[in-house]
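Below is one structure; the comments refer to it alone.
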Amino acid sequence: MIEDDDDVRNLLDAVLQQAGFEVHSAATGRDGVDVARQHSVNVITLDVGLPDIDGFEVLRRIRQFSDAYVVMLTGRDEELDTITALQGGADDYITKPFRPRELRARISAMMRRPRQGAAAEDVDALALSSGVGTGVGRAGGATTVRRGKVLQHNGLSLDMETRTVALHGTPLGLTRSEFDLLQELLKANGAVRTRADLVRVVRGEYYGEDTYISEADERAVEVHIGNLRRKLREDPQEPRWLVTVRGVGYRLAPKRAE
């Protein structure tokens, strides 16, 4: 918990302890980076406006050694701040004053998404419905090869069990949200996934079928997809993996001859 406001820090401490967490806190950005490193934390709440260095720089430093869930907390609600946080590797962004129940629900939803090295989710039903079986599935011109828990497409390999991704054998460092979106599109195997579908992938069980999907939620997905494209060095004119379906969402690009 990296927060310089005593009242907010006390509230967060109570909320997170009630949720079952052991809580470590810091009032400055530099101290927060040290605490995150020392304790190998699972979740970080991070204030944007800190007295020494801002939360975006703290996030950049933390992402150099940690894949913890990061929830940015701020009194500012400018779209640019949200985009900057998500591009920097944050998992969520909440404006103050926040509702304690909502914060707990969002963190709980994130924690239900497997961490690296944890057992993969059961994807059999979704795999069957999207045409991805224990071999080759086809939909919309794409062909995702599935070997056990590994999905492969155009030189890209995603291991659902270890939550690792490699491109032509070179590991890619993805955030949890980026990994989950890429996995969803690979499993869909060419079928279009709407922005609302992908918001639910990122948000987890916190966003049910009846939950209102805001423009901010959809913009967040666009930012994550943009980050993925940069890390894949995707050519927007001839995409190999991620195709934009204008006005709808995204799908997997067709298979290419290697």
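Residue numbering restarts at 1 in every chain; chains get A, B, ... in the order shown in the structure tokens, and ligands count up from 1 in that same order.
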
Go through range 11-108 of chain A residue by residue and, counting only C-alpha atoms, keep those with an atom at most 9 Å from range 153-175 of chain A; for each kept residue give the shortest atom pair and its distance in Å to one decimal, ordered by chain and increasing number, as JSON lines.
{"residue": "A:Asp67", "atom": "CA", "partner": "A:Thr175", "partner_atom": "CA", "distance": 7.2}
{"residue": "A:Gly89", "atom": "CA", "partner": "A:Thr175", "partner_atom": "CA", "distance": 6.2}
{"residue": "A:Ala90", "atom": "CA", "partner": "A:Thr175", "partner_atom": "CA", "distance": 8.2}
{"residue": "A:Asp91", "atom": "CA", "partner": "A:Thr175", "partner_atom": "CA", "distance": 7.9}

Taking 4 positions as the minimum chain separation for residues in the same chain, which residues sit within 12 Å of range 11-19 of chain A when counting only C-alpha atoms? Answer as a PyMOL selection string.
chain A and resi 1-7+23-26+43-47+73+97-108+111

What separation in Å, quoted to one decimal, exists between CA of Tyr250 in chain A and CA of Val192 in chain A?
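That distance, rounded to one decimal, is 5.6 Å.
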
Would you return as an NGL selection string the members of range 1-128 of chain A that DSSP assigns to helix (DSSP H, G or I) on this structure's backbone?
:A and (6-18 or 29-39 or 55-62 or 79-87 or 100-111 or 124-128)

Using only C-alpha atoms, which residues sit within 8 Å of Gly249 in chain A once same-chain residues fewer than 2 positions away are excluded, as a PyMOL selection string?
chain A and resi 192-195+244-247+251

Export of prior selection with N, CA, C and O atoms as a compact mmCIF listing (two decimals), in the first residue's frame:
# COMPACT_ATOMS: atom_id res chain seq x y z
N VAL A 192 -14.64 -13.25 -33.77
CA VAL A 192 -14.53 -11.89 -33.26
C VAL A 192 -14.90 -11.86 -31.78
O VAL A 192 -15.89 -12.47 -31.36
N ARG A 193 -14.10 -11.16 -31.00
CA ARG A 193 -14.41 -10.88 -29.61
C ARG A 193 -14.68 -9.38 -29.49
O ARG A 193 -13.83 -8.57 -29.86
N THR A 194 -15.87 -9.02 -29.02
CA THR A 194 -16.22 -7.61 -28.91
C THR A 194 -15.42 -6.97 -27.79
O THR A 194 -14.84 -7.65 -26.92
N ARG A 195 -15.39 -5.65 -27.79
CA ARG A 195 -14.70 -4.94 -26.71
C ARG A 195 -15.33 -5.27 -25.37
O ARG A 195 -14.63 -5.41 -24.36
N THR A 244 -8.06 -5.59 -35.95
CA THR A 244 -9.17 -4.77 -35.46
C THR A 244 -10.38 -4.94 -36.37
O THR A 244 -10.26 -4.81 -37.59
N VAL A 245 -11.51 -5.24 -35.78
CA VAL A 245 -12.78 -5.28 -36.51
C VAL A 245 -13.51 -3.98 -36.15
O VAL A 245 -14.05 -3.84 -35.05
N ARG A 246 -13.46 -3.02 -37.04
CA ARG A 246 -13.90 -1.67 -36.72
C ARG A 246 -15.34 -1.63 -36.21
O ARG A 246 -16.23 -2.24 -36.78
N GLY A 247 -15.49 -0.91 -35.11
CA GLY A 247 -16.81 -0.76 -34.52
C GLY A 247 -17.28 -1.96 -33.71
O GLY A 247 -18.36 -1.91 -33.12
N ARG A 251 -10.05 -9.78 -33.55
CA ARG A 251 -9.99 -11.20 -33.82
C ARG A 251 -8.54 -11.56 -34.15
O ARG A 251 -7.69 -10.69 -34.35

Interatomic distance between CA of Arg37 in chain A and CA of Ile83 in chain A?
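CA of Arg37 in chain A sits 25.2 Å away from CA of Ile83 in chain A.
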
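Nearest to Leu186 in chain A of all the residues A:Leu252, A:Arg147, A:Lys231, A:Tyr212 is A:Leu252, based on only C-alpha atoms.
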
Residue among A:Leu232, A:Val8, A:Leu86, A:Ala253 lying closest to Thr144 in chain A, counting only C-alpha atoms
A:Ala253

Need the shell around Gly29 in chain A: protein/DNA/RNA residues with any atom at most 12 Å away, counting only C-alpha atoms. Skip same-chain ones fewer than 2 positions apart. Format as a PyMOL selection string?
chain A and resi 1-4+25-27+31-36+45-62

Those same residues, written as a tab-separated table (two decimals), in the first residue's frame with N, CA, C and O atoms?
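Output below, filename result.tsv:
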chain	number	residue	atom	x	y	z
A	1	MET	N	0.86	-1.17	0.00
A	1	MET	CA	0.00	0.00	0.00
A	1	MET	C	0.90	1.23	0.00
A	1	MET	O	1.61	1.48	0.98
A	2	ILE	N	0.90	1.98	-1.11
A	2	ILE	CA	1.76	3.15	-1.25
A	2	ILE	C	0.85	4.37	-1.31
A	2	ILE	O	0.21	4.63	-2.33
A	3	GLU	N	0.79	5.11	-0.21
A	3	GLU	CA	-0.19	6.18	-0.06
A	3	GLU	C	0.32	7.18	0.97
A	3	GLU	O	0.71	6.79	2.08
A	4	ASP	N	0.30	8.47	0.63
A	4	ASP	CA	0.84	9.47	1.55
A	4	ASP	C	-0.22	10.09	2.45
A	4	ASP	O	0.11	10.73	3.45
A	25	SER	N	2.89	-0.97	4.33
A	25	SER	CA	2.58	0.34	3.80
A	25	SER	C	3.81	1.21	3.67
A	25	SER	O	4.83	0.99	4.32
A	26	ALA	N	3.68	2.23	2.81
A	26	ALA	CA	4.73	3.22	2.61
A	26	ALA	C	4.06	4.53	2.25
A	26	ALA	O	3.04	4.55	1.58
A	27	ALA	N	4.66	5.63	2.71
A	27	ALA	CA	4.08	6.95	2.47
A	27	ALA	C	4.77	7.69	1.34
A	27	ALA	O	4.32	8.78	0.95
A	31	ASP	N	10.09	4.62	-0.84
A	31	ASP	CA	9.89	3.62	0.20
A	31	ASP	C	8.96	2.51	-0.30
A	31	ASP	O	9.15	1.34	0.03
A	32	GLY	N	7.96	2.88	-1.11
A	32	GLY	CA	7.04	1.89	-1.64
A	32	GLY	C	7.73	0.87	-2.53
A	32	GLY	O	7.45	-0.33	-2.46
A	33	VAL	N	8.65	1.34	-3.37
A	33	VAL	CA	9.41	0.42	-4.22
A	33	VAL	C	10.21	-0.54	-3.35
A	33	VAL	O	10.25	-1.76	-3.61
A	34	ASP	N	10.84	-0.02	-2.29
A	34	ASP	CA	11.63	-0.88	-1.40
A	34	ASP	C	10.76	-1.91	-0.70
A	34	ASP	O	11.13	-3.09	-0.59
A	35	VAL	N	9.59	-1.49	-0.21
A	35	VAL	CA	8.68	-2.42	0.49
A	35	VAL	C	8.21	-3.51	-0.47
A	35	VAL	O	8.17	-4.69	-0.12
A	36	ALA	N	7.85	-3.12	-1.70
A	36	ALA	CA	7.39	-4.11	-2.68
A	36	ALA	C	8.48	-5.12	-2.98
A	36	ALA	O	8.21	-6.33	-3.14
A	45	THR	N	-1.59	-1.32	-3.98
A	45	THR	CA	-2.40	-0.14	-4.25
A	45	THR	C	-1.44	1.03	-4.28
A	45	THR	O	-0.61	1.21	-3.38
A	46	LEU	N	-1.54	1.85	-5.31
A	46	LEU	CA	-0.54	2.86	-5.58
A	46	LEU	C	-1.18	4.21	-5.87
A	46	LEU	O	-1.93	4.36	-6.84
A	47	ASP	N	-0.90	5.17	-4.99
A	47	ASP	CA	-1.38	6.54	-5.19
A	47	ASP	C	-0.57	7.20	-6.31
A	47	ASP	O	0.64	6.97	-6.43
A	48	VAL	N	-1.21	8.01	-7.12
A	48	VAL	CA	-0.50	8.70	-8.20
A	48	VAL	C	0.27	9.90	-7.65
A	48	VAL	O	1.44	10.11	-7.98
A	49	GLY	N	-0.37	10.70	-6.78
A	49	GLY	CA	0.26	11.92	-6.27
A	49	GLY	C	1.03	11.65	-4.99
A	49	GLY	O	0.47	11.70	-3.89
A	50	LEU	N	2.32	11.38	-5.11
A	50	LEU	CA	3.18	11.10	-3.96
A	50	LEU	C	4.15	12.26	-3.77
A	50	LEU	O	4.46	12.99	-4.71
A	51	PRO	N	4.69	12.43	-2.55
A	51	PRO	CA	5.50	13.62	-2.28
A	51	PRO	C	6.88	13.63	-2.92
A	51	PRO	O	7.47	14.70	-3.06
A	52	ASP	N	7.41	12.47	-3.29
A	52	ASP	CA	8.76	12.46	-3.86
A	52	ASP	C	8.75	12.20	-5.37
A	52	ASP	O	9.10	13.05	-6.17
A	53	ILE	N	8.33	11.01	-5.79
A	53	ILE	CA	8.19	10.69	-7.21
A	53	ILE	C	6.75	10.25	-7.44
A	53	ILE	O	6.12	9.68	-6.57
A	54	ASP	N	6.22	10.53	-8.64
A	54	ASP	CA	4.81	10.23	-8.85
A	54	ASP	C	4.58	8.72	-9.05
A	54	ASP	O	5.52	7.94	-9.24
A	55	GLY	N	3.31	8.34	-8.96
A	55	GLY	CA	2.96	6.93	-9.02
A	55	GLY	C	3.33	6.26	-10.32
A	55	GLY	O	3.60	5.06	-10.34
A	56	PHE	N	3.35	7.01	-11.42
A	56	PHE	CA	3.71	6.42	-12.70
A	56	PHE	C	5.17	5.98	-12.71
A	56	PHE	O	5.51	4.93	-13.25
A	57	GLU	N	6.05	6.79	-12.10
A	57	GLU	CA	7.45	6.41	-12.02
A	57	GLU	C	7.63	5.24	-11.03
A	57	GLU	O	8.44	4.33	-11.27
A	58	VAL	N	6.86	5.24	-9.95
A	58	VAL	CA	6.90	4.12	-9.01
A	58	VAL	C	6.49	2.83	-9.73
A	58	VAL	O	7.13	1.79	-9.58
A	59	LEU	N	5.43	2.92	-10.52
A	59	LEU	CA	4.96	1.76	-11.27
A	59	LEU	C	6.04	1.26	-12.22
A	59	LEU	O	6.28	0.04	-12.32
A	60	ARG	N	6.69	2.18	-12.92
A	60	ARG	CA	7.76	1.77	-13.85
A	60	ARG	C	8.86	1.01	-13.13
A	60	ARG	O	9.34	-0.03	-13.60
A	61	ARG	N	9.25	1.50	-11.95
A	61	ARG	CA	10.32	0.84	-11.20
A	61	ARG	C	9.88	-0.52	-10.67
A	61	ARG	O	10.65	-1.49	-10.70
A	62	ILE	N	8.65	-0.61	-10.19
A	62	ILE	CA	8.14	-1.87	-9.66
A	62	ILE	C	8.05	-2.92	-10.76
A	62	ILE	O	8.36	-4.10	-10.54

Range 4-246 of chain A: residues DSSP assigns to strand (DSSP E), reported as a PyMOL selection string:
chain A and resi 43-47+69-74+92-95+136-139+142-147+150-153+156-159+164-167+170-172+193-194+242-245

Expected file contents, prior selection, C-alpha atoms, as a compact mmCIF listing (two decimals), in the first residue's frame:
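Written out: again-v8.txt:
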# COMPACT_ATOMS: atom_id res chain seq x y z
CA VAL A 43 -1.15 -6.79 -4.70
CA ILE A 44 -0.11 -3.14 -4.68
CA THR A 45 -2.40 -0.14 -4.25
CA LEU A 46 -0.54 2.86 -5.58
CA ASP A 47 -1.38 6.54 -5.19
CA TYR A 69 -1.34 -6.82 -9.34
CA VAL A 70 -1.24 -3.00 -9.28
CA VAL A 71 -4.31 -0.85 -8.63
CA MET A 72 -3.68 2.86 -9.17
CA LEU A 73 -5.62 5.21 -6.87
CA THR A 74 -5.92 8.91 -7.64
CA ASP A 92 -6.70 -1.30 -12.68
CA TYR A 93 -7.26 2.41 -12.08
CA ILE A 94 -9.72 3.78 -9.50
CA THR A 95 -10.48 7.43 -8.76
CA VAL A 136 -6.12 -27.82 -34.95
CA GLY A 137 -9.26 -25.68 -34.91
CA ARG A 138 -10.42 -23.29 -37.62
CA ALA A 139 -12.62 -20.23 -37.58
CA ALA A 142 -7.27 -18.39 -38.39
CA THR A 143 -5.69 -21.62 -37.24
CA THR A 144 -4.58 -21.96 -33.65
CA VAL A 145 -2.65 -25.14 -32.90
CA ARG A 146 -3.18 -26.49 -29.42
CA ARG A 147 -0.71 -28.92 -27.90
CA VAL A 150 0.12 -24.55 -25.27
CA LEU A 151 -1.53 -22.44 -27.99
CA GLN A 152 0.51 -21.63 -31.11
CA HIS A 153 -0.11 -19.25 -34.00
CA LEU A 156 3.66 -17.15 -31.22
CA SER A 157 3.47 -19.68 -28.39
CA LEU A 158 1.33 -19.19 -25.27
CA ASP A 159 1.53 -21.65 -22.37
CA THR A 164 4.33 -17.53 -20.38
CA VAL A 165 4.47 -16.28 -23.98
CA ALA A 166 7.28 -16.59 -26.51
CA LEU A 167 7.64 -15.26 -30.05
CA THR A 170 12.05 -15.40 -27.41
CA PRO A 171 10.09 -14.78 -24.16
CA LEU A 172 7.76 -11.78 -24.04
CA ARG A 193 -14.41 -10.88 -29.61
CA THR A 194 -16.22 -7.61 -28.91
CA LEU A 242 -4.28 -9.01 -33.82
CA VAL A 243 -6.84 -7.66 -36.28
CA THR A 244 -9.17 -4.77 -35.46
CA VAL A 245 -12.78 -5.28 -36.51

List the neighbours of Val199 in chain A out to 7 Å using only C-alpha atoms; skip same-chain residues closer than 3 positions along the sequence, and give me the result as a PyMOL selection string.
chain A and resi 195-196+202-203+217-218+221

If you keep N, CA, C and O atoms, can you produce a file of those selected residues as a PDB file, in the first residue's frame?
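What ended up in again.pdb:
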ATOM      1  N   ARG A 195     -15.390  -5.648 -27.793  1.00  0.00           N
ATOM      2  CA  ARG A 195     -14.698  -4.943 -26.711  1.00  0.00           C
ATOM      3  C   ARG A 195     -15.327  -5.272 -25.366  1.00  0.00           C
ATOM      4  O   ARG A 195     -14.629  -5.406 -24.361  1.00  0.00           O
ATOM      5  N   ALA A 196     -16.663  -5.404 -25.341  1.00  0.00           N
ATOM      6  CA  ALA A 196     -17.334  -5.760 -24.087  1.00  0.00           C
ATOM      7  C   ALA A 196     -16.892  -7.151 -23.613  1.00  0.00           C
ATOM      8  O   ALA A 196     -16.673  -7.368 -22.420  1.00  0.00           O
ATOM      9  N   VAL A 202     -10.712  -8.988 -18.881  1.00  0.00           N
ATOM     10  CA  VAL A 202      -9.767  -8.237 -18.055  1.00  0.00           C
ATOM     11  C   VAL A 202     -10.286  -8.073 -16.634  1.00  0.00           C
ATOM     12  O   VAL A 202      -9.538  -8.229 -15.662  1.00  0.00           O
ATOM     13  N   ARG A 203     -11.565  -7.781 -16.501  1.00  0.00           N
ATOM     14  CA  ARG A 203     -12.134  -7.510 -15.181  1.00  0.00           C
ATOM     15  C   ARG A 203     -12.426  -8.777 -14.383  1.00  0.00           C
ATOM     16  O   ARG A 203     -12.583  -8.725 -13.172  1.00  0.00           O
ATOM     17  N   ASP A 217     -14.013   1.650 -19.833  1.00  0.00           N
ATOM     18  CA  ASP A 217     -13.637   0.232 -19.813  1.00  0.00           C
ATOM     19  C   ASP A 217     -13.139  -0.204 -21.193  1.00  0.00           C
ATOM     20  O   ASP A 217     -12.127  -0.900 -21.306  1.00  0.00           O
ATOM     21  N   GLU A 218     -13.866   0.192 -22.233  1.00  0.00           N
ATOM     22  CA  GLU A 218     -13.490  -0.213 -23.587  1.00  0.00           C
ATOM     23  C   GLU A 218     -12.186   0.460 -24.023  1.00  0.00           C
ATOM     24  O   GLU A 218     -11.370  -0.155 -24.704  1.00  0.00           O
ATOM     25  N   VAL A 221      -9.295  -1.508 -22.697  1.00  0.00           N
ATOM     26  CA  VAL A 221      -8.986  -2.673 -23.524  1.00  0.00           C
ATOM     27  C   VAL A 221      -8.176  -2.248 -24.741  1.00  0.00           C
ATOM     28  O   VAL A 221      -7.204  -2.921 -25.125  1.00  0.00           O
TER      29      VAL A 221
END

Have a look at CA of Gly226 in chain A and CA of Gly88 in chain A and let me know their distance in Å, one decimal.
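CA of Gly226 in chain A sits 11.9 Å away from CA of Gly88 in chain A.
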